[in-house]
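**Student:** Data file my_file12.pdb (PDB, C-alpha atoms) is appended below.
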MODEL        1
ATOM      1  CA  MET A 294    -101.831 153.003 123.302
ATOM      2  CA  ASN A 295    -105.644 153.472 123.090
ATOM      3  CA  ARG A 296    -106.159 149.770 122.477
ATOM      4  CA  PRO A 297    -105.880 146.734 124.749
ATOM      5  CA  ALA A 298    -102.497 145.184 125.349
ATOM      6  CA  PRO A 299    -102.314 141.664 123.858
ATOM      7  CA  GLU A 300    -102.733 140.040 127.281
ATOM      8  CA  MET A 301    -105.715 142.287 128.034
ATOM      9  CA  GLN A 302    -107.274 141.498 124.646
ATOM     10  CA  ALA A 303    -106.993 137.778 125.399
ATOM     11  CA  VAL A 304    -108.773 138.301 128.724
ATOM     12  CA  LEU A 305    -111.521 140.332 127.052
ATOM     13  CA  GLU A 306    -112.060 137.558 124.509
ATOM     14  CA  ARG A 307    -112.281 134.960 127.241
ATOM     15  CA  LEU A 308    -114.771 137.108 129.147
ATOM     16  CA  ALA A 309    -116.856 137.513 126.004
ATOM     17  CA  ALA A 310    -116.940 133.734 125.595
ATOM     18  CA  GLN A 311    -117.982 133.310 129.238
ATOM     19  CA  ARG A 312    -120.823 135.794 128.791
ATOM     20  CA  ALA A 313    -122.098 134.361 125.510
ATOM     21  CA  GLY A 314    -125.822 133.750 125.757
ATOM     22  CA  LEU A 315    -126.138 135.598 129.080
ATOM     23  CA  PRO A 316    -127.987 138.873 129.557
ATOM     24  CA  ASP A 317    -126.034 142.101 129.890
ATOM     25  CA  ARG A 318    -125.076 142.194 133.574
ATOM     26  CA  TYR A 319    -125.181 145.985 133.598
ATOM     27  CA  THR A 320    -128.916 145.939 132.800
ATOM     28  CA  LEU A 321    -130.027 143.178 135.174
ATOM     29  CA  PRO A 322    -131.850 143.842 138.437
ATOM     30  CA  TYR A 323    -129.136 144.140 141.053
ATOM     31  CA  PRO A 324    -129.796 140.861 142.915
ATOM     32  CA  GLN A 325    -129.379 138.991 139.622
ATOM     33  CA  ALA A 326    -126.398 141.096 138.590
ATOM     34  CA  ARG A 327    -124.597 140.175 141.821
ATOM     35  CA  LYS A 328    -125.041 136.476 141.132
ATOM     36  CA  GLN A 329    -123.881 136.826 137.546
ATOM     37  CA  LEU A 330    -120.794 138.816 138.553
ATOM     38  CA  LEU A 331    -119.817 136.071 140.967
ATOM     39  CA  ARG A 332    -120.203 133.445 138.226
ATOM     40  CA  GLU A 333    -118.057 135.552 135.894
ATOM     41  CA  ARG A 334    -115.324 136.024 138.492
ATOM     42  CA  GLU A 335    -115.163 132.453 139.822
ATOM     43  CA  PRO A 336    -112.791 131.141 137.108
ATOM     44  CA  TRP A 337    -110.301 133.891 137.984
ATOM     45  CA  LEU A 338    -110.326 133.724 141.770
ATOM     46  CA  ALA A 339    -107.791 130.920 142.104
ATOM     47  CA  ASP A 340    -104.927 133.177 141.035
ATOM     48  CA  GLY A 341    -104.478 134.754 144.470
ATOM     49  CA  PRO A 342    -101.492 133.571 146.541
ATOM     50  CA  ALA A 343    -102.047 131.187 149.433
ATOM     51  CA  CYS A 344    -103.053 133.127 152.527
ATOM     52  CA  PRO A 345    -104.946 131.861 155.606
ATOM     53  CA  THR A 346    -108.264 133.592 156.182
ATOM     54  CA  SER A 347    -110.830 133.837 158.936
ATOM     55  CA  GLU A 348    -114.327 135.262 159.097
ATOM     56  CA  ARG A 349    -115.790 137.735 161.554
ATOM     57  CA  MET A 350    -119.247 139.111 162.231
ATOM     58  CA  VAL A 351    -119.156 142.557 163.845
ATOM     59  CA  ARG A 352    -122.232 144.226 165.282
ATOM     60  CA  THR A 353    -122.604 147.947 164.547
ATOM     61  CA  GLU A 354    -125.489 150.133 165.674
ATOM     62  CA  ALA A 355    -127.350 149.450 162.444
ATOM     63  CA  ARG A 356    -126.514 145.882 161.445
ATOM     64  CA  THR A 357    -124.067 143.008 161.581
ATOM     65  CA  LEU A 358    -121.007 143.600 159.428
ATOM     66  CA  TYR A 359    -119.128 140.725 157.792
ATOM     67  CA  LEU A 360    -115.335 140.886 157.517
ATOM     68  CA  ARG A 361    -112.895 138.450 155.935
ATOM     69  CA  ALA A 362    -109.454 138.669 157.543
ATOM     70  CA  TYR A 363    -106.304 137.634 155.657
ATOM     71  CA  GLN A 364    -103.263 136.655 157.720
ATOM     72  CA  PRO A 365    -100.198 135.980 155.536
ATOM     73  CA  ALA A 366     -97.227 134.161 156.989
ATOM     74  CA  GLY A 367     -94.775 136.492 158.694
ATOM     75  CA  ALA A 368     -97.263 139.357 158.818
ATOM     76  CA  ASP A 369     -96.056 142.657 160.254
ATOM     77  CA  GLY A 370     -98.252 143.319 163.270
ATOM     78  CA  ASN A 371     -97.550 147.046 163.024
ATOM     79  CA  ARG A 372     -99.686 147.463 159.898
ATOM     80  CA  LEU A 373    -103.299 146.592 159.036
ATOM     81  CA  LEU A 374    -104.924 146.975 155.612
ATOM     82  CA  VAL A 375    -108.680 147.585 155.343
ATOM     83  CA  TYR A 376    -110.045 146.937 151.831
ATOM     84  CA  PHE A 377    -113.336 147.993 150.214
ATOM     85  CA  HIS A 378    -114.365 146.110 147.072
ATOM     86  CA  GLY A 379    -115.598 147.675 143.867
ATOM     87  CA  GLY A 380    -118.823 147.101 141.963
ATOM     88  CA  GLY A 381    -120.487 150.487 141.648
ATOM     89  CA  TRP A 382    -121.648 150.413 145.292
ATOM     90  CA  CYS A 383    -124.268 147.923 144.036
ATOM     91  CA  VAL A 384    -122.570 144.603 143.177
ATOM     92  CA  GLY A 385    -119.361 142.865 144.165
ATOM     93  CA  SER A 386    -118.456 141.241 147.452
ATOM     94  CA  VAL A 387    -115.661 139.959 149.634
ATOM     95  CA  VAL A 388    -115.718 136.820 147.462
ATOM     96  CA  THR A 389    -115.553 138.494 144.037
ATOM     97  CA  HIS A 390    -112.479 140.487 145.092
ATOM     98  CA  ASP A 391    -110.759 137.783 147.145
ATOM     99  CA  ASN A 392    -107.753 137.399 144.836
ATOM    100  CA  ILE A 393    -106.992 141.133 144.896
ATOM    101  CA  VAL A 394    -106.949 141.289 148.689
ATOM    102  CA  ARG A 395    -104.793 138.154 148.907
ATOM    103  CA  ARG A 396    -102.210 139.756 146.641
ATOM    104  CA  LEU A 397    -102.205 142.955 148.677
ATOM    105  CA  ALA A 398    -101.939 141.170 152.027
ATOM    106  CA  VAL A 399     -99.006 139.063 150.837
ATOM    107  CA  GLY A 400     -97.358 141.988 149.060
ATOM    108  CA  LEU A 401     -97.578 144.217 152.113
ATOM    109  CA  ARG A 402     -96.799 141.353 154.508
ATOM    110  CA  CYS A 403     -99.626 142.430 156.800
ATOM    111  CA  GLU A 404    -103.074 141.376 157.947
ATOM    112  CA  ALA A 405    -105.886 142.625 155.720
ATOM    113  CA  TRP A 406    -109.603 143.001 156.333
ATOM    114  CA  SER A 407    -112.032 142.875 153.420
ATOM    115  CA  VAL A 408    -115.337 144.541 154.278
ATOM    116  CA  GLU A 409    -118.794 143.361 153.173
ATOM    117  CA  TYR A 410    -120.508 146.748 153.304
ATOM    118  CA  SER A 411    -124.187 147.423 152.569
ATOM    119  CA  LEU A 412    -125.019 147.668 148.881
ATOM    120  CA  ALA A 413    -127.245 150.076 146.998
ATOM    121  CA  PRO A 414    -129.966 150.490 145.921
ATOM    122  CA  GLU A 415    -131.339 148.625 148.938
ATOM    123  CA  SER A 416    -128.914 150.594 151.141
ATOM    124  CA  PRO A 417    -128.135 153.890 149.374
ATOM    125  CA  TRP A 418    -125.657 156.526 150.497
ATOM    126  CA  PRO A 419    -124.541 156.890 153.229
ATOM    127  CA  GLU A 420    -125.197 153.326 154.440
ATOM    128  CA  GLY A 421    -122.219 151.648 152.773
ATOM    129  CA  LEU A 422    -119.944 154.511 153.773
ATOM    130  CA  LEU A 423    -121.060 154.213 157.392
ATOM    131  CA  ASP A 424    -120.290 150.487 157.326
ATOM    132  CA  CYS A 425    -116.804 151.150 155.966
ATOM    133  CA  THR A 426    -116.182 153.829 158.570
ATOM    134  CA  ALA A 427    -117.309 151.419 161.290
ATOM    135  CA  ALA A 428    -114.819 148.821 160.074
ATOM    136  CA  VAL A 429    -111.946 151.306 160.248
ATOM    137  CA  ARG A 430    -112.987 152.466 163.707
ATOM    138  CA  LEU A 431    -113.011 148.835 164.816
ATOM    139  CA  ALA A 432    -109.540 148.318 163.360
ATOM    140  CA  ALA A 433    -108.279 151.352 165.266
ATOM    141  CA  MET A 434    -109.880 150.142 168.474
ATOM    142  CA  GLU A 435    -108.513 146.601 168.232
ATOM    143  CA  ARG A 436    -105.072 147.533 166.884
ATOM    144  CA  PRO A 437    -104.272 150.868 168.539
ATOM    145  CA  GLN A 438    -100.539 150.664 167.759
ATOM    146  CA  ALA A 439    -100.927 149.625 164.117
ATOM    147  CA  HIS A 440    -100.585 151.918 161.132
ATOM    148  CA  LEU A 441    -103.808 151.640 159.128
ATOM    149  CA  VAL A 442    -103.842 151.499 155.336
ATOM    150  CA  LEU A 443    -107.104 151.938 153.428
ATOM    151  CA  ALA A 444    -107.493 150.523 149.940
ATOM    152  CA  GLY A 445    -110.203 149.930 147.377
ATOM    153  CA  ASP A 446    -110.994 149.645 143.693
ATOM    154  CA  SER A 447    -113.585 151.576 141.691
ATOM    155  CA  ALA A 448    -116.486 152.384 144.060
ATOM    156  CA  GLY A 449    -114.353 150.889 146.832
ATOM    157  CA  ALA A 450    -111.677 153.509 146.127
ATOM    158  CA  ASN A 451    -114.359 156.156 146.474
ATOM    159  CA  LEU A 452    -115.359 154.686 149.838
ATOM    160  CA  ALA A 453    -111.769 154.465 151.077
ATOM    161  CA  LEU A 454    -111.155 158.131 150.262
ATOM    162  CA  ASP A 455    -114.472 159.198 151.789
ATOM    163  CA  VAL A 456    -113.667 157.297 154.995
ATOM    164  CA  ALA A 457    -110.297 159.043 155.147
ATOM    165  CA  LEU A 458    -112.018 162.419 154.743
ATOM    166  CA  ARG A 459    -114.465 161.587 157.538
ATOM    167  CA  LEU A 460    -111.666 160.511 159.862
ATOM    168  CA  ARG A 461    -109.648 163.605 158.985
ATOM    169  CA  ASN A 462    -112.587 165.638 160.206
ATOM    170  CA  ASP A 463    -112.249 163.823 163.537
ATOM    171  CA  ARG A 464    -108.847 165.533 163.729
ATOM    172  CA  VAL A 465    -106.852 162.359 164.133
ATOM    173  CA  ARG A 466    -103.909 160.965 162.183
ATOM    174  CA  ALA A 467    -104.310 157.211 162.327
ATOM    175  CA  LEU A 468    -103.907 156.443 158.627
ATOM    176  CA  GLN A 469    -100.559 155.691 157.047
ATOM    177  CA  ALA A 470    -101.671 155.727 153.403
ATOM    178  CA  LEU A 471    -104.388 155.072 150.839
ATOM    179  CA  LEU A 472    -104.052 152.706 147.868
ATOM    180  CA  LEU A 473    -106.743 153.638 145.358
ATOM    181  CA  PHE A 474    -107.332 151.704 142.138
ATOM    182  CA  TYR A 475    -109.316 153.202 139.194
ATOM    183  CA  GLY A 476    -111.704 155.028 141.515
ATOM    184  CA  VAL A 477    -114.818 157.216 141.289
ATOM    185  CA  TYR A 478    -114.137 160.742 142.551
ATOM    186  CA  THR A 479    -116.930 162.814 141.015
ATOM    187  CA  ALA A 480    -120.591 162.400 140.145
ATOM    188  CA  ALA A 481    -119.969 164.169 136.828
ATOM    189  CA  VAL A 482    -120.108 162.030 133.692
ATOM    190  CA  ALA A 483    -118.084 164.218 131.349
ATOM    191  CA  GLY A 484    -114.522 164.451 130.120
ATOM    192  CA  ARG A 485    -112.279 162.944 127.465
ATOM    193  CA  SER A 486    -111.958 159.401 128.815
ATOM    194  CA  MET A 487    -115.699 159.303 129.557
ATOM    195  CA  ALA A 488    -116.378 160.183 125.926
ATOM    196  CA  LEU A 489    -113.701 157.884 124.467
ATOM    197  CA  TYR A 490    -114.946 154.707 126.173
ATOM    198  CA  ALA A 491    -118.589 155.590 126.854
ATOM    199  CA  ASP A 492    -119.924 152.790 124.658
ATOM    200  CA  GLY A 493    -118.670 150.095 127.025
ATOM    201  CA  ARG A 494    -116.526 148.234 124.508
ATOM    202  CA  TYR A 495    -113.978 147.760 127.296
ATOM    203  CA  GLY A 496    -116.469 146.891 130.026
ATOM    204  CA  LEU A 497    -117.859 149.740 132.090
ATOM    205  CA  SER A 498    -119.973 152.094 129.957
ATOM    206  CA  ARG A 499    -121.172 155.584 130.774
ATOM    207  CA  ARG A 500    -124.744 154.329 130.853
ATOM    208  CA  ALA A 501    -123.885 151.599 133.381
ATOM    209  CA  HIS A 502    -121.913 154.082 135.475
ATOM    210  CA  GLU A 503    -124.851 156.511 135.506
ATOM    211  CA  ARG A 504    -127.106 153.689 136.666
ATOM    212  CA  TYR A 505    -124.741 152.908 139.539
ATOM    213  CA  LEU A 506    -124.575 156.574 140.517
ATOM    214  CA  GLU A 507    -128.358 156.825 140.568
ATOM    215  CA  ALA A 508    -128.682 153.698 142.724
ATOM    216  CA  TYR A 509    -126.115 155.015 145.206
ATOM    217  CA  CYS A 510    -126.883 158.748 145.214
ATOM    218  CA  GLY A 511    -130.445 159.035 143.891
ATOM    219  CA  VAL A 512    -132.271 159.065 147.216
ATOM    220  CA  ALA A 513    -129.959 161.717 148.658
ATOM    221  CA  ARG A 514    -130.161 163.803 145.490
ATOM    222  CA  ALA A 515    -133.959 163.710 145.601
ATOM    223  CA  ALA A 516    -133.811 164.889 149.203
ATOM    224  CA  GLY A 517    -131.619 167.812 148.205
ATOM    225  CA  THR A 518    -128.532 166.512 150.003
ATOM    226  CA  PRO A 519    -126.349 164.923 147.295
ATOM    227  CA  PRO A 520    -123.288 163.025 148.541
ATOM    228  CA  PRO A 521    -120.034 164.987 148.442
ATOM    229  CA  PHE A 522    -117.282 163.777 146.117
ATOM    230  CA  ALA A 523    -113.564 164.478 146.362
ATOM    231  CA  LEU A 524    -113.523 166.486 143.129
ATOM    232  CA  ASP A 525    -116.389 168.752 144.183
ATOM    233  CA  GLU A 526    -115.197 172.336 144.272
ATOM    234  CA  ASP A 527    -115.973 172.732 147.973
ATOM    235  CA  THR A 528    -114.329 169.463 149.106
ATOM    236  CA  ARG A 529    -110.979 170.238 150.682
ATOM    237  CA  LEU A 530    -108.260 167.581 150.550
ATOM    238  CA  GLU A 531    -105.745 168.934 153.050
ATOM    239  CA  GLY A 532    -104.810 166.728 155.989
ATOM    240  CA  LEU A 533    -104.961 163.381 154.208
ATOM    241  CA  PRO A 534    -102.259 160.692 154.370
ATOM    242  CA  PRO A 535    -100.127 159.893 151.288
ATOM    243  CA  ILE A 536    -102.182 158.505 148.417
ATOM    244  CA  ARG A 537    -101.218 156.252 145.514
ATOM    245  CA  LEU A 538    -103.550 156.214 142.506
ATOM    246  CA  THR A 539    -103.469 153.328 140.030
ATOM    247  CA  VAL A 540    -105.267 154.141 136.792
ATOM    248  CA  ALA A 541    -106.419 151.998 133.869
ATOM    249  CA  GLU A 542    -105.787 153.629 130.500
ATOM    250  CA  LEU A 543    -108.896 152.256 128.738
ATOM    251  CA  ASP A 544    -111.402 153.359 131.379
ATOM    252  CA  ILE A 545    -114.153 155.953 131.432
ATOM    253  CA  LEU A 546    -112.957 156.872 134.954
ATOM    254  CA  ARG A 547    -109.312 157.440 133.957
ATOM    255  CA  ASP A 548    -109.430 161.230 133.913
ATOM    256  CA  GLN A 549    -110.965 161.376 137.389
ATOM    257  CA  SER A 550    -107.780 159.964 138.907
ATOM    258  CA  HIS A 551    -105.638 162.469 137.029
ATOM    259  CA  ALA A 552    -107.878 165.313 138.215
ATOM    260  CA  LEU A 553    -107.709 164.030 141.780
ATOM    261  CA  ALA A 554    -103.923 163.833 141.633
ATOM    262  CA  GLU A 555    -103.744 167.429 140.429
ATOM    263  CA  LYS A 556    -106.120 168.613 143.162
ATOM    264  CA  LEU A 557    -104.065 166.778 145.786
ATOM    265  CA  ARG A 558    -100.870 168.397 144.495
ATOM    266  CA  ARG A 559    -102.478 171.837 144.699
ATOM    267  CA  ALA A 560    -103.366 171.009 148.304
ATOM    268  CA  LYS A 561     -99.703 170.050 148.846
ATOM    269  CA  GLN A 562    -100.686 166.484 149.631
ATOM    270  CA  PRO A 563     -98.246 163.608 148.905
ATOM    271  CA  VAL A 564     -99.572 161.651 145.921
ATOM    272  CA  GLU A 565     -98.231 159.265 143.297
ATOM    273  CA  LEU A 566    -100.122 158.233 140.165
ATOM    274  CA  GLU A 567     -99.426 155.311 137.853
ATOM    275  CA  GLU A 568    -101.407 154.846 134.654
ATOM    276  CA  VAL A 569    -101.217 151.267 133.386
ATOM    277  CA  PRO A 570    -101.293 151.237 129.573
ATOM    278  CA  GLY A 571    -103.512 148.934 127.581
ATOM    279  CA  VAL A 572    -105.751 147.742 130.444
ATOM    280  CA  VAL A 573    -109.427 148.276 131.233
ATOM    281  CA  HIS A 574    -111.482 149.102 134.285
ATOM    282  CA  GLY A 575    -111.416 146.189 136.733
ATOM    283  CA  PHE A 576    -108.175 144.719 135.371
ATOM    284  CA  LEU A 577    -106.877 143.729 138.823
ATOM    285  CA  SER A 578    -109.367 140.864 138.908
ATOM    286  CA  TYR A 579    -107.651 138.967 136.087
ATOM    287  CA  GLY A 580    -104.185 138.465 137.518
ATOM    288  CA  ARG A 581    -103.931 134.813 136.524
ATOM    289  CA  ASP A 582    -103.760 135.688 132.830
ATOM    290  CA  LEU A 583    -102.871 139.362 133.028
ATOM    291  CA  PRO A 584     -99.358 140.112 134.323
ATOM    292  CA  GLN A 585    -100.157 143.833 134.483
ATOM    293  CA  ALA A 586    -102.509 143.123 137.403
ATOM    294  CA  GLY A 587     -99.838 141.556 139.570
ATOM    295  CA  GLU A 588     -97.309 144.192 138.539
ATOM    296  CA  ALA A 589     -99.679 147.019 139.495
ATOM    297  CA  ILE A 590    -100.299 145.523 142.934
ATOM    298  CA  GLU A 591     -96.583 144.911 143.453
ATOM    299  CA  ALA A 592     -95.817 148.523 142.522
ATOM    300  CA  ALA A 593     -98.455 149.827 144.927
ATOM    301  CA  CYS A 594     -97.098 147.656 147.734
ATOM    302  CA  ALA A 595     -93.506 148.703 147.031
ATOM    303  CA  TRP A 596     -94.508 152.375 147.165
ATOM    304  CA  LEU A 597     -96.192 151.922 150.523
ATOM    305  CA  LEU A 598     -93.322 149.934 152.011
ATOM    306  CA  ARG A 599     -90.959 152.771 151.101
ATOM    307  CA  LEU A 600     -92.997 155.347 153.027
ATOM    308  CA  PRO A 601     -91.345 156.725 156.167
ATOM    309  CA  SER A 602     -94.147 155.609 158.471
ATOM    310  CA  ASP A 603     -92.868 157.620 161.423
ATOM    311  CA  LYS A 604     -93.321 160.806 159.386
ATOM    312  CA  PHE A 605     -96.774 160.227 157.984
ATOM    313  CA  ALA A 606     -98.559 158.150 160.613
ATOM    314  CA  GLN A 607     -99.088 157.980 164.322
ATOM    315  CA  PRO A 608    -100.464 155.075 166.342
ATOM    316  CA  SER A 609    -104.206 154.747 165.793
ATOM    317  CA  SER A 610    -106.204 156.997 168.073
ATOM    318  CA  LEU A 611    -109.620 157.127 166.468
ATOM    319  CA  PRO A 612    -112.574 157.529 168.820
ATOM    320  CA  THR A 613    -113.771 154.077 169.836
ATOM    321  CA  HIS A 614    -117.348 155.017 170.718
ATOM    322  CA  ASP A 615    -120.136 154.797 168.135
ATOM    323  CA  LEU A 616    -118.658 152.279 165.712
ATOM    324  CA  ARG A 617    -121.235 153.257 163.129
TER     325      ARG A 617
ENDMDL
END
Can you give me the file's structure in the form of structure tokens?

**Tutor:**
Amino acid sequence: MNRPAPEMQAVLERLAAQRAGLPDRYTLPYPQARKQLLREREPWLADGPACPTSERMVRTEARTLYLRAYQPAGADGNRLLVYFHGGGWCVGSVVTHDNIVRRLAVGLRCEAWSVEYSLAPESPWPEGLLDCTAAVRLAAMERPQAHLVLAGDSAGANLALDVALRLRNDRVRALQALLLFYGVYTAAVAGRSMALYADGRYGLSRRAHERYLEAYCGVARAAGTPPPFALDEDTRLEGLPPIRLTVAELDILRDQSHALAEKLRRAKQPVELEEVPGVVHGFLSYGRDLPQAGEAIEAACAWLLRLPSDKFAQPSSLPTHDLR
């Protein structure tokens, strides 16, 4: 298609009207960018289905971690979703992604936790990743018989996959599946989709993405210990649970998901990829006016509910010491 679907174009025009007269969020200092993102997202948050929520404060070794728990009616107590929001590891929050998690919790008919992890550049890698890992360890400790599902969008998809890799290295099989939406799987900023949409006409530009990468990885790079990414040549992907990748066509990150799917297939890992035509990076946030958002979440939920859980998952048995 290589151009926005009509519904996506209408959303882009509405977003442009909302942003008229405001500075470019991708160039603002991060504290200001976080506030502006929340203002931009507020008109869209009411589209999530009704779902009771509760708040929790969890103490890890390093800090207190905030979780928002979603408990849809008739939830299956044998499954728990843990969600990590997007925003380039630097912006975004439990609030800005509330409607996405509501849709997933209702679609999967299970409790969901949305994690308020530490943000860069104030807390660069690996701080946010350690927070996300702590949340999953807590889920395993509190729900030892539940099948755990990790999910995330953009930088949150990167975190979900990195948590799964860390837990795989603990030699346990507690995870049933991963639902990853338009994620970041390499620090490289090359490739066809990166070149096609680099100018940011559909939202995320290459320049903004590079700025996020520097905020998240820069300290570690300067120390000579750059963070590993799934598409790095020496990162092995064997031993992961089934993964579903949802890709936006008009996205600089599109090709990363395709490359990840191919690497997973070479590793003989179960993977499914869906590319949604005519939509841009972050499209899940606009479900009220964008039917493709709801359809993509429904398709991801349907895929997971078809999985033979007894084949791919065992009751959670992650180590419960050292939550961080």

**Student:** Sorted by chain and rising residue number, which residues of region 390-427 of chain A lie within 10 Å of region 510-530 of chain A, and what are their closest atom pairs and distances in Å to one decimal, counting only C-alpha atoms, as CSV?

**Tutor:**
residue,atom,partner,partner_atom,distance
A:Ala413,CA,A:Cys510,CA,8.9
A:Pro414,CA,A:Gly511,CA,8.8
A:Ser416,CA,A:Val512,CA,9.9
A:Pro417,CA,A:Cys510,CA,6.5
A:Trp418,CA,A:Cys510,CA,5.9
A:Pro419,CA,A:Pro520,CA,7.8

**Student:** Can you list every residue of region 358-436 of chain A that has an atom at most 12 Å from region 594-601 of chain A, with its nearest atom pair and the distance in Å to one decimal, using only C-alpha atoms, ordered by chain then number, as JSON lines?

**Tutor:**
{"residue": "A:Asp369", "atom": "CA", "partner": "A:Leu598", "partner_atom": "CA", "distance": 11.3}
{"residue": "A:Arg372", "atom": "CA", "partner": "A:Leu598", "partner_atom": "CA", "distance": 10.4}
{"residue": "A:Leu374", "atom": "CA", "partner": "A:Cys594", "partner_atom": "CA", "distance": 11.1}
{"residue": "A:Val394", "atom": "CA", "partner": "A:Cys594", "partner_atom": "CA", "distance": 11.8}
{"residue": "A:Arg396", "atom": "CA", "partner": "A:Cys594", "partner_atom": "CA", "distance": 9.5}
{"residue": "A:Leu397", "atom": "CA", "partner": "A:Cys594", "partner_atom": "CA", "distance": 7.0}
{"residue": "A:Ala398", "atom": "CA", "partner": "A:Cys594", "partner_atom": "CA", "distance": 9.2}
{"residue": "A:Val399", "atom": "CA", "partner": "A:Cys594", "partner_atom": "CA", "distance": 9.3}
{"residue": "A:Gly400", "atom": "CA", "partner": "A:Cys594", "partner_atom": "CA", "distance": 5.8}
{"residue": "A:Leu401", "atom": "CA", "partner": "A:Cys594", "partner_atom": "CA", "distance": 5.6}
{"residue": "A:Arg402", "atom": "CA", "partner": "A:Cys594", "partner_atom": "CA", "distance": 9.3}
{"residue": "A:Cys403", "atom": "CA", "partner": "A:Cys594", "partner_atom": "CA", "distance": 10.8}

**Student:** Find, counting only C-alpha atoms, the residue in A:Ala444, A:Ala309, A:Val375, A:Leu452 that gets nearest to Arg361 (chain A).

**Tutor:**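 So, comparing all the options, the nearest one is A:Val375.
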
**Student:** Could you jot down the CA of Glu415 (chain A) to CA of Tyr323 (chain A) separation for me, Å, one decimal place?

**Tutor:**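 A separation of 9.3 Å between them.
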
**Student:** CA of Ser550 (chain A) and CA of Val429 (chain A), how far apart in Å?

**Tutor:**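 Going from CA of Val429 (chain A) over to CA of Ser550 (chain A) covers 23.4 Å.
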
**Student:** List the residues selected by the PyMOL selection byres ((chain A and resi 381-392) around 8) in the file shown, writing them as a count of residues only.

**Tutor:** 37

**Student:** Run the PyMOL selection byres ((chain A and resi 560-569) around 6) against the file shown and list the residues it catches, as a list in words.

**Tutor:**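 Selected by the PyMOL selection byres ((chain A and resi 560-569) around 6) in this file: Glu531, Pro535, Ile536, Arg537, Leu538, Thr539, Val540, Ala541, Glu542, Leu557, Arg558, Arg559 and Pro570 of chain A.
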